[in-house]
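J.: Just passing along the structure, written as structure tokens.
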Amino acid sequence: MVRVLCCHHFPSQDVFTTDGEPVALCTADNRVFVATEQCRIDVHSLANKVCPKVHSFQTISIVRQMSYSKKGNYIATLETKISRKTYFTYARVYLNWDVETSKRPMRIRVAGHVTKRNKSGKLHLEAVEIPSTEMPCFITTCQKTGNLAVAANQNVLIYGITEQKLSDLDNPIYQDVCYLYEIKFNFLVAEISMFDPYVTICSTSEMQVVYLHSKADDTLTKRFQAPPTSQEQTDESKFILKHIMKEKGHGELHSERKASAKGANTLLDSQVVPSGRLIDSADNCIVEDEYFVSWTFEEEKIPLEQRGKGRTKVISNTLHLPGLEDSASYPDVTSDTFEIIGPGAKMLKCNVRLHIKDTSVKYSTADTLLYRKFSSSVTLLHSLQLIPIYQQGSSSDDLASLCVFVSSSREGYLYSLHHQVSLLSVYSYTMDSYKVAVSPYLVQAVTKTGLETYTCRAFVSALHSVETFDNVTKTCPSPKLDICMIGMHPFIGLQDIVQTKDCLILLSKDDTRSECNWSLYSLQNSSPADLYKDMLEMGNKNKHASPPAYLHLLQEGHLVLKYHMFEHQGHCKEVEKLFKESCALLGEHFGRSDFEDASLALPYYLMSGLEVEEIINQAVQQGQLSKEKGEAGCGEGLMCYLKYVLFQPGDPVKLTETITNAVLEVSLCMAPDCLPLLVLTSRLHGYDDDHALACLEKCSGMLSSPSGKQLNMVAIAVIHLNLCELDEAKAALFSLPKAGLVDICVNYHSLLHRDFTELTHLAQLLRSSKSSLFIEVLVALHDKGILTIRATIRLLQGTSEERDLHNNAHAREYLETILSDNRRAYAFSDAVSLLSDIYIQRLKNWVPPTSRLLPAAGHSHVPKGNGHFGSRHSWLNDFSPFKGTSSIFKQPCNKLQLATPASSRQSVKSSQPVQISKLNMVDMEDCTCCCCNEDLLKMQSLLCSIHTTEAFLQETHQQICTDFKGKWSLQVLCLSRTDQRAALDYVMENFPNILPDFAVEICQKNYGLWSYITENMTAVLRQTSIPNPEKQNIYTQAFQGLLATMCEVLNPVDFLNRLPYEGSVHFFLPYVQRCCKKNQANKLKEVIVAKGEALTLET
């Protein structure tokens, strides 16, 4: 769609004439070449007022078309001559055209033939005629290479300007025109445009764009298509095919094909085997082919007895590929219109033949990028041109974009050829057009009534191919943005148009009178700043009456400024300032929008460079004005910007209290669900707490989701804490369900800490009032990888020193929770090191507590779960300081007693702390109850775990160098893993009564250790037989218990091998008999179990 918003004007206009009637025009930098019917070309300067003629030279015949090449500095002409009522057309090249010719005659020669040169060394105007077997119809030059393209019938002939050194002349440089190569097309060529290696042509109703390259050159593949994969289609189906059909015949044919594909017989099973080799069975050679796919087919086998019965099944050997059938590989060339977008388009109509005439040419093939056949109703195509756009500060070989434009009488078409061939824009003229000039950002069309000016998307395509727009921090209008006609300038009898970078040259002829009058106009283009201001002025007039027109003009002006910055690398401060202004206006417009494009307010605001306070203040003021006029105030777009800016990590946003209060009100109206987050987690500070509390209370009734209401209640609690209203904060916070509060604290963990260095007031409230919930939150944050163990410990320590960590109950509870679940095994090494240090320090500095929770029946101090806390060995219950299981879990504490009377003890709940007082018995033995030995029990459990590592054992062994209660049990546990014989020696010497149970845990199937124990016990018994009868009795009982244990664990053979060689048979015989019976019982059990399993399988 084309919008009509006329706001374009030309700042100045010069009118000039020539001595003869102009017949052709072309430009070069700040000059215009005017060919007249007097066989002369006049050169006018556009840099001066009234465009004076600065040079002139003769031509051989009347010029009908000409083109200037900056590279080579030559003028190519297409000249006509009438001889005997027959028109002859010649293609000629004029060299040294800028040489003064008044005293030096023009030299005429044929290309490829060296003529005699004037040995004076002075330059002469030279006319080089290009020989051709066919009559040329169009010429053009390549501004990149300086090559010349000549069209003749269906052929395009490419020539180059060569230079030869002739040593016998004073001026050794000799220029000539060399025939390079020829391109043969399949329709008559009417116009050409060339930008090496791209060549585009058109006839009266067809156009085609080809890309020239060598077979080894992979530039085409890199630029237009991705590397093939095993799941991609073949080369013939890689191009995109579009039908522009006015008749329904082809659509019906396509439907029939699709129906036949669905109804095809599917009796063939196919297997696709991707391979990189094609095996030729004829000569057994292997051909490397990355596109090769091997297909194998298996026909359905019909049993003999079923053949001939009923309906005969026909097994089809045709493979139907619906994906390829649906793509309709080739169009119906008999259709009135169709379009093929490449590269890779292969059909008879698109075939191009390339013939190389000079060995210096590097091209060997030509691929069609675009072919289009227009409707027969479309009149003569014209104004074919390629529009290259280069990257900023890059060489001429580094293209940002390349577009092609072609026009019919009523419509113009702009295609992008870079990266992906696509139609960008369609221009619909108000009248029939004769000629069109295209620049990167404007299209000027000559019509019967004058000059029409449209915006162009060629530059926008280049911008999107060079820069990255994420629509968050940077954005740009789409190349598919609707075209806008921004100018209609009336002229009488316009015939031709050419352009330079700063000027537009028009040729006007009025042949309505008896004498033909002509004029040449030099129109100066508006500067980007002036054009933007004109667009903005027109947009402001339509701002309230037509918001879409206002937005469109803002976008057009934005693109004009962006092009100037792109072209000049942003060196113009005035344009940069206007560009930021346009960004701010676009941000303001999208900020009031509630549609899908409202999110564009964010990148435009960011690109404007305005401060947050300025944007918010402007938006709030604009919103108030809009409300007074009955229009929409702030929209979703402003909220998108606020969410992005205020929730970004960084320092607090410094705003006045008035502005911050306004932000809260805007959020309350536009996004109530965002208001609690603004209070809790944003960088917005400086608002009035009472005002914020009022907004949050209003927000409670506007929220519908339970999670939103819970989050809003947490925000209310935080505001109450800011106001030092502790009771109100507790009431708001603890009115929430536990699960909801935990989720909020985990998802918005910044509520609990300040940059991971200290706890917030909210966290301190949770810690003091809901410690278990607070620990659960910290563990969840660890599981999510947000808080490490070390970071959490630092938060829990606060300002206290590290050596006081063993006094931090919350740190101990946190580490115990971490170590209670096997899913956190990855963190066990760090946590167990810290927790064991806490336990050992508490054991070293243990003092009886002054208050304690009344323990419940069957309570246990060792954390449960499948984590690092293992089951304590049974022998530990008899190891000092304990005296059996009952002394730990059933005996009351002998260090403490209840301070309350006995009559009131029954009413005390176990969950309430009870005051206790110390007994006066100073010399009483150490208490063995579990409550007084809680840390020892937990430490023993850690050392008994399967997760215990050798490093942890060594670290623990080093820490227990000093004496404390339970030290030897921990030392034996460490030795039992690191030095088992040393552990056995210590137990045999100091605690022989626990030796049987200890040996079972240590020795297991290690027969060497069993032998070591029996030998040492025998030796000890010999030593204690005479001097100490009491000790002999202890070791005798221990030895008997050891034998009883061994006969249960070992088989008879191993048991006998472990017994000492010297000893009474009557002493060992009962144990041997018991071992044999145990072994027989185990065998009988195995037989019974095996038979039972066999019976189970049979049934």
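Residues in the structure tokens are numbered from 1 in each chain, the chains being A, B, ... in the order shown, and ligands are numbered from 1 in the order shown.
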Which residues, written as a list in words, have at least one atom at most 6 Å from segment 1070-1076 of chain A, with only C-alpha atoms counted and residues fewer than 2 positions away on the same chain left out?
T.: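 Listing them by chain and then by number gives Cys1047, Pro1052, Phe1068, Lys1078 and Asn1079 of chain A.
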J.: Please produce an output containing all heavy atoms for each residue in the selection, written as a PDB file, in the first residue's frame.
T.:
ATOM      1  N   CYS A1047      32.857 -67.724  63.965  1.00  0.00           N
ATOM      2  CA  CYS A1047      32.164 -68.927  63.482  1.00  0.00           C
ATOM      3  C   CYS A1047      30.860 -68.595  62.779  1.00  0.00           C
ATOM      4  O   CYS A1047      30.330 -69.406  62.025  1.00  0.00           O
ATOM      5  CB  CYS A1047      31.950 -69.903  64.638  1.00  0.00           C
ATOM      6  SG  CYS A1047      30.707 -69.346  65.841  1.00  0.00           S
ATOM      7  N   PRO A1052      33.726 -73.038  57.531  1.00  0.00           N
ATOM      8  CA  PRO A1052      34.558 -73.907  58.393  1.00  0.00           C
ATOM      9  C   PRO A1052      36.027 -73.927  58.011  1.00  0.00           C
ATOM     10  O   PRO A1052      36.899 -73.901  58.890  1.00  0.00           O
ATOM     11  CB  PRO A1052      33.910 -75.287  58.225  1.00  0.00           C
ATOM     12  CG  PRO A1052      32.492 -74.995  57.900  1.00  0.00           C
ATOM     13  CD  PRO A1052      32.520 -73.747  57.070  1.00  0.00           C
ATOM     14  N   PHE A1068      38.205 -75.078  71.673  1.00  0.00           N
ATOM     15  CA  PHE A1068      37.809 -74.599  70.328  1.00  0.00           C
ATOM     16  C   PHE A1068      36.740 -75.462  69.672  1.00  0.00           C
ATOM     17  O   PHE A1068      36.095 -75.028  68.724  1.00  0.00           O
ATOM     18  CB  PHE A1068      39.044 -74.563  69.411  1.00  0.00           C
ATOM     19  CG  PHE A1068      40.051 -73.530  69.793  1.00  0.00           C
ATOM     20  CD1 PHE A1068      41.266 -73.894  70.382  1.00  0.00           C
ATOM     21  CD2 PHE A1068      39.796 -72.190  69.598  1.00  0.00           C
ATOM     22  CE1 PHE A1068      42.192 -72.941  70.743  1.00  0.00           C
ATOM     23  CE2 PHE A1068      40.725 -71.230  69.960  1.00  0.00           C
ATOM     24  CZ  PHE A1068      41.919 -71.600  70.541  1.00  0.00           C
ATOM     25  N   LYS A1078      26.304 -73.970  61.213  1.00  0.00           N
ATOM     26  CA  LYS A1078      25.886 -72.736  60.529  1.00  0.00           C
ATOM     27  C   LYS A1078      26.073 -72.852  59.027  1.00  0.00           C
ATOM     28  O   LYS A1078      25.219 -72.435  58.232  1.00  0.00           O
ATOM     29  CB  LYS A1078      26.715 -71.560  61.082  1.00  0.00           C
ATOM     30  CG  LYS A1078      26.380 -70.210  60.481  1.00  0.00           C
ATOM     31  CD  LYS A1078      25.030 -69.719  60.905  1.00  0.00           C
ATOM     32  CE  LYS A1078      24.755 -68.322  60.394  1.00  0.00           C
ATOM     33  NZ  LYS A1078      23.422 -67.835  60.785  1.00  0.00           N
ATOM     34  N   ASN A1079      27.180 -73.448  58.623  1.00  0.00           N
ATOM     35  CA  ASN A1079      27.460 -73.620  57.206  1.00  0.00           C
ATOM     36  C   ASN A1079      26.455 -74.555  56.549  1.00  0.00           C
ATOM     37  O   ASN A1079      25.969 -74.313  55.445  1.00  0.00           O
ATOM     38  CB  ASN A1079      28.884 -74.139  57.029  1.00  0.00           C
ATOM     39  CG  ASN A1079      29.290 -74.206  55.573  1.00  0.00           C
ATOM     40  OD1 ASN A1079      29.268 -73.204  54.881  1.00  0.00           O
ATOM     41  ND2 ASN A1079      29.658 -75.396  55.110  1.00  0.00           N
TER      42      ASN A1079
END
J.: Applying 8 Å and only C-alpha atoms, which residues near Glu934 of chain A remain after dropping the ones on its own chain fewer than 4 positions away? List them as a list in words.
T.: His861, Val862, Cys930 and Lys938 of chain A
J.: Report, in Å to a single decimal, how far apart atom CA of His418 of chain A and atom CA of Asp367 of chain A are.
T.: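 Separating atom CA of Asp367 of chain A from atom CA of His418 of chain A is a distance of 14.4 Å.
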J.: For Ser408 of chain A, work out the shell of residues within 8 Å, counting only C-alpha atoms and skipping chain neighbours fewer than 5 positions away, then give it as number ranges by chain.
T.: A: 378-382, 433
J.: Extract the full set of alpha helix (DSSP H) residues from segment 527-652 of chain A according to DSSP on the backbone, and format it as a ChimeraX atom specification.
T.: /A:528-541,547-568,573-591,601-608,612-628,636-646
J.: For Asn96 of chain A, find every residue with an atom within 8 Å (counting only C-alpha atoms), except residues of its own chain fewer than 6 positions away, and show them as a list of chain:residue names.
T.: A:Asn73, A:Tyr74, A:Leu123, A:His124, A:Leu125, A:Glu126
